[in-house]
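First up is the structure itself, then whatever we jot down about it.
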Amino acid sequence: MTTLNVMHNLKSIYTRDTVFGGKQLTEEIMRRYGLSYEEAGMAKRQGGLPENYLTDVLEPFKEAIVQQASRSLQFFYSSSPHSKVDHIVLAGGSVSIAGMDEMIQEKLGVETTIANPFASMSLSARVKPQTLSNDAPALLIACGLALRSFD
């Protein structure tokens, strides 16, 4: 699932869900390379796929993400008085794909960054910073829920 959430003055003014995300990439890996869902998911994250994976599977997936983002923004523009967004913040597992933020920024012409909810937090010595950094965009909701108070 992909969700576009447009914020204005710290309030959500538009939300659009699209049935497209990392699951489609996993399913394409399964189909193309004859792997189970679990094997495809592991290969997607840890590597070990054939050399043609980058050009035949990953690049078309990245293009599809950009297309979905562009389409969602067009729906926003056509249904609101706004004609531009100032910044895009990407979150979720698929945004950890190398170059995804640069590709979206280049194709959509909007400054783009990858969410890291842990950026201003101190980390325990037991936490591997690189591993957390890689997983951070997928942990945005979990981090937010963990920071809520239970008064």
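Chains: A, B, ... in order of the structure tokens. Residues: from 1 per chain. Ligands: from 1, in order shown.
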
Selection: 9 Å around A:Phe20, only C-alpha atoms, excl. self and same-chain fewer than 6 positions, as a PDB file with C-alpha atoms, in the first residue's frame:
```pdb
ATOM      1  CA  MET A   1       0.000   0.000   0.000  1.00  0.00           C
ATOM      2  CA  THR A   2       1.175   3.505  -0.773  1.00  0.00           C
ATOM      3  CA  ALA A  64       6.328   2.531 -11.104  1.00  0.00           C
ATOM      4  CA  ILE A  65       6.730   4.077  -7.640  1.00  0.00           C
ATOM      5  CA  GLN A  68       2.242   6.287  -8.574  1.00  0.00           C
TER       6      GLN A  68
END
```

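Each of A:Leu73, A:Ile141, A:Thr3, A:Gly99 was checked against A:Asn116 using only C-alpha atoms; the smallest atom-to-atom distance is that of A:Ile141.
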
Self-check item: Among the residues A:Thr131, A:Met121, A:Tyr14, A:Ser149, the one that comes closest to A:Tyr77 [using only C-alpha atoms]
Solution: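 Of all the options, A:Tyr14 lies closest to A:Tyr77.
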
Quiz item: For A:Lys62, which residue among A:Ala125, A:Leu4, A:Met100, A:Ala138 is the nearest when counting only C-alpha atoms?
Solution: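 Closest residue, counting only C-alpha atoms: A:Met100.
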
Quiz item: Expressed in Å to a single decimal, how great is the separation between atom CA of A:Leu49 and atom CA of A:Asp135?
Solution: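 Calculated distance between atom CA of A:Leu49 and atom CA of A:Asp135 is 20.2 Å.
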
Practice problem: Pick out the residues sitting within 10 Å of A:Phe118, and hand them over as JSON, numbers by chain; count only C-alpha atoms, and ignore anything fewer than 6 positions along from it in its own chain. | Solution: {"A": [129, 132, 133, 136, 137, 139, 140, 143]}

Quiz item: Any idea what's packed within 10 Å of A:Thr15, counting only C-alpha atoms, ignoring anything in its chain fewer than 4 positions away? Could you give it as a ChimeraX atom specification?
Solution: /A:3-7,72,76

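With only C-alpha atoms as the basis for measurement, A:Ala115 is the residue among A:Gln67, A:Gly144, A:Lys11, A:Ala115 that approaches A:Gly92 most closely.
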
Exercise. Taking the chain letters and numbering used in this document, name the residues of stretch 2-134 of chain A that DSSP puts in strand (DSSP E), as a ChimeraX atom specification.
Key: /A:2-8,11-18,87-90,111-114

Practice problem: Do a neighbour search on A:Leu58 at 12 Å with only C-alpha atoms, toss out local chain neighbours closer than 6 positions, and write the hits as a PyMOL selection string. | Solution: chain A and resi 22+24-26+28-29+32+44+47+49-52+64-65+94+97-100

Got time to write the residues from that selection, all heavy atoms, as a CSV table (one decimal), in the first residue's frame?
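Writing done, so here's again26.csv:
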```
chain,number,residue,atom,x,y,z
A,22,GLY,N,5.8,-2.5,-1.8
A,22,GLY,CA,6.9,-3.5,-1.7
A,22,GLY,C,6.4,-4.9,-2.0
A,22,GLY,O,7.1,-5.7,-2.5
A,24,GLN,N,4.4,-5.8,-4.3
A,24,GLN,CA,4.4,-6.0,-5.7
A,24,GLN,C,5.8,-6.4,-6.2
A,24,GLN,O,6.0,-7.2,-7.1
A,24,GLN,CB,3.9,-4.8,-6.5
A,24,GLN,CG,2.4,-4.7,-6.6
A,24,GLN,CD,1.8,-4.3,-5.2
A,24,GLN,OE1,2.4,-3.8,-4.3
A,24,GLN,NE2,0.5,-4.6,-5.1
A,25,LEU,N,6.8,-5.8,-5.6
A,25,LEU,CA,8.2,-6.1,-5.9
A,25,LEU,C,8.5,-7.5,-5.5
A,25,LEU,O,9.1,-8.3,-6.2
A,25,LEU,CB,9.2,-5.1,-5.2
A,25,LEU,CG,10.7,-5.4,-5.4
A,25,LEU,CD1,11.0,-5.4,-6.9
A,25,LEU,CD2,11.5,-4.4,-4.7
A,26,THR,N,8.1,-7.9,-4.3
A,26,THR,CA,8.3,-9.3,-3.8
A,26,THR,C,7.6,-10.3,-4.7
A,26,THR,O,8.2,-11.3,-5.1
A,26,THR,CB,7.8,-9.4,-2.3
A,26,THR,OG1,8.4,-8.4,-1.5
A,26,THR,CG2,8.1,-10.8,-1.8
A,28,GLU,N,6.9,-9.9,-7.9
A,28,GLU,CA,7.6,-10.0,-9.2
A,28,GLU,C,8.9,-10.8,-9.0
A,28,GLU,O,9.3,-11.6,-9.9
A,28,GLU,CB,8.0,-8.6,-9.7
A,28,GLU,CG,8.7,-8.5,-11.0
A,28,GLU,CD,7.9,-9.1,-12.2
A,28,GLU,OE1,6.7,-9.4,-12.1
A,28,GLU,OE2,8.6,-9.4,-13.2
A,29,ILE,N,9.6,-10.7,-7.9
A,29,ILE,CA,10.8,-11.5,-7.7
A,29,ILE,C,10.4,-13.0,-7.6
A,29,ILE,O,11.1,-13.8,-8.2
A,29,ILE,CB,11.5,-11.1,-6.4
A,29,ILE,CG1,12.1,-9.7,-6.5
A,29,ILE,CG2,12.6,-12.1,-6.0
A,29,ILE,CD1,12.6,-9.0,-5.3
A,32,ARG,N,9.5,-14.1,-11.3
A,32,ARG,CA,10.6,-14.1,-12.2
A,32,ARG,C,11.7,-15.1,-11.8
A,32,ARG,O,12.3,-15.7,-12.7
A,32,ARG,CB,11.2,-12.7,-12.2
A,32,ARG,CG,12.3,-12.6,-13.3
A,32,ARG,CD,12.3,-11.5,-14.1
A,32,ARG,NE,11.3,-10.5,-14.4
A,32,ARG,CZ,11.4,-9.7,-15.4
A,32,ARG,NH1,12.5,-9.9,-16.2
A,32,ARG,NH2,10.5,-8.9,-15.7
A,44,LYS,N,15.2,-9.8,-1.5
A,44,LYS,CA,15.0,-8.4,-1.8
A,44,LYS,C,15.8,-7.6,-0.8
A,44,LYS,O,16.4,-6.5,-1.2
A,44,LYS,CB,13.5,-8.1,-1.7
A,44,LYS,CG,13.1,-6.7,-1.9
A,44,LYS,CD,11.5,-6.5,-1.9
A,44,LYS,CE,10.9,-6.6,-0.6
A,44,LYS,NZ,9.5,-6.2,-0.6
A,47,GLY,N,19.9,-9.3,-0.8
A,47,GLY,CA,20.7,-9.4,-2.0
A,47,GLY,C,20.8,-10.9,-2.4
A,47,GLY,O,20.1,-11.8,-1.9
A,49,LEU,N,20.3,-11.9,-5.7
A,49,LEU,CA,19.5,-12.1,-6.9
A,49,LEU,C,20.4,-12.0,-8.1
A,49,LEU,O,21.5,-11.4,-8.1
A,49,LEU,CB,18.4,-11.1,-6.9
A,49,LEU,CG,17.3,-11.3,-5.9
A,49,LEU,CD1,16.4,-10.1,-5.7
A,49,LEU,CD2,16.4,-12.5,-6.2
A,50,PRO,N,20.0,-12.6,-9.2
A,50,PRO,CA,20.8,-12.6,-10.4
A,50,PRO,C,21.1,-11.1,-10.9
A,50,PRO,O,20.4,-10.2,-10.5
A,50,PRO,CB,19.9,-13.3,-11.5
A,50,PRO,CG,19.0,-14.1,-10.7
A,50,PRO,CD,18.7,-13.4,-9.4
A,51,GLU,N,22.1,-11.0,-11.7
A,51,GLU,CA,22.6,-9.7,-12.1
A,51,GLU,C,21.5,-8.9,-12.9
A,51,GLU,O,21.5,-7.7,-12.8
A,51,GLU,CB,23.8,-9.9,-13.1
A,51,GLU,CG,24.7,-8.7,-13.1
A,51,GLU,CD,26.0,-9.0,-13.8
A,51,GLU,OE1,26.8,-9.8,-13.3
A,51,GLU,OE2,26.2,-8.5,-14.9
A,52,ASN,N,20.6,-9.6,-13.6
A,52,ASN,CA,19.6,-8.8,-14.3
A,52,ASN,C,18.5,-8.3,-13.4
A,52,ASN,O,17.6,-7.6,-13.9
A,52,ASN,CB,19.0,-9.7,-15.4
A,52,ASN,CG,18.1,-10.9,-14.8
A,52,ASN,OD1,18.3,-11.3,-13.7
A,52,ASN,ND2,17.3,-11.4,-15.7
A,64,ALA,N,7.7,2.7,-11.5
A,64,ALA,CA,6.3,2.5,-11.1
A,64,ALA,C,6.0,3.3,-9.8
A,64,ALA,O,5.0,3.9,-9.7
A,64,ALA,CB,6.0,1.1,-11.0
A,65,ILE,N,6.9,3.3,-8.9
A,65,ILE,CA,6.7,4.1,-7.6
A,65,ILE,C,6.6,5.6,-8.0
A,65,ILE,O,5.8,6.3,-7.5
A,65,ILE,CB,7.9,3.8,-6.6
A,65,ILE,CG1,7.7,2.4,-6.0
A,65,ILE,CG2,7.9,4.9,-5.5
A,65,ILE,CD1,8.8,2.1,-5.0
A,94,SER,N,10.1,0.3,1.1
A,94,SER,CA,10.6,0.4,-0.3
A,94,SER,C,11.4,1.7,-0.5
A,94,SER,O,12.2,1.8,-1.5
A,94,SER,CB,9.4,0.4,-1.3
A,94,SER,OG,8.8,-0.8,-1.3
A,97,ILE,N,15.3,1.6,-1.0
A,97,ILE,CA,15.9,1.2,-2.2
A,97,ILE,C,16.9,2.3,-2.6
A,97,ILE,O,16.5,3.5,-2.7
A,97,ILE,CB,14.9,0.9,-3.3
A,97,ILE,CG1,14.0,-0.3,-3.0
A,97,ILE,CG2,15.6,0.7,-4.7
A,97,ILE,CD1,12.8,-0.5,-3.9
A,98,ALA,N,18.1,2.0,-2.9
A,98,ALA,CA,19.1,3.0,-3.2
A,98,ALA,C,18.7,3.9,-4.4
A,98,ALA,O,18.2,3.4,-5.4
A,98,ALA,CB,20.4,2.3,-3.6
A,99,GLY,N,18.7,5.2,-4.1
A,99,GLY,CA,18.4,6.2,-5.1
A,99,GLY,C,17.0,6.5,-5.3
A,99,GLY,O,16.6,7.3,-6.1
A,100,MET,N,16.1,5.9,-4.5
A,100,MET,CA,14.7,6.1,-4.6
A,100,MET,C,14.3,7.6,-4.4
A,100,MET,O,13.6,8.2,-5.1
A,100,MET,CB,13.9,5.2,-3.6
A,100,MET,CG,12.4,5.1,-3.9
A,100,MET,SD,12.1,4.1,-5.3
A,100,MET,CE,11.5,5.4,-6.4
```

Practice problem: Run DSSP on the backbone and grab whatever in chain A lands in alpha helix (DSSP H); send it over as a VMD selection string. | Solution: chain A and resid 22 to 33 37 to 46 53 59 to 78 100 to 108 129 to 135 140 to 147

Quiz item: Which residues, written as a PyMOL selection string, have at least one atom at most 9 Å from A:Leu108, with only C-alpha atoms counted and residues fewer than 5 positions away on the same chain left out?
Solution: chain A and resi 66+69-70+103

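When only C-alpha atoms are used to measure the gap to A:Gly48, the shortest distance among A:Phe61, A:Glu27, A:Tyr33, A:Glu102 belongs to A:Tyr33.
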
Quiz item: Which is closer to A:Thr18 than all the others in A:Phe75, A:Gln130, A:Met30, A:Ile104, using only C-alpha atoms?
Solution: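 Of the candidates, the smallest distance to A:Thr18 is held by A:Phe75.
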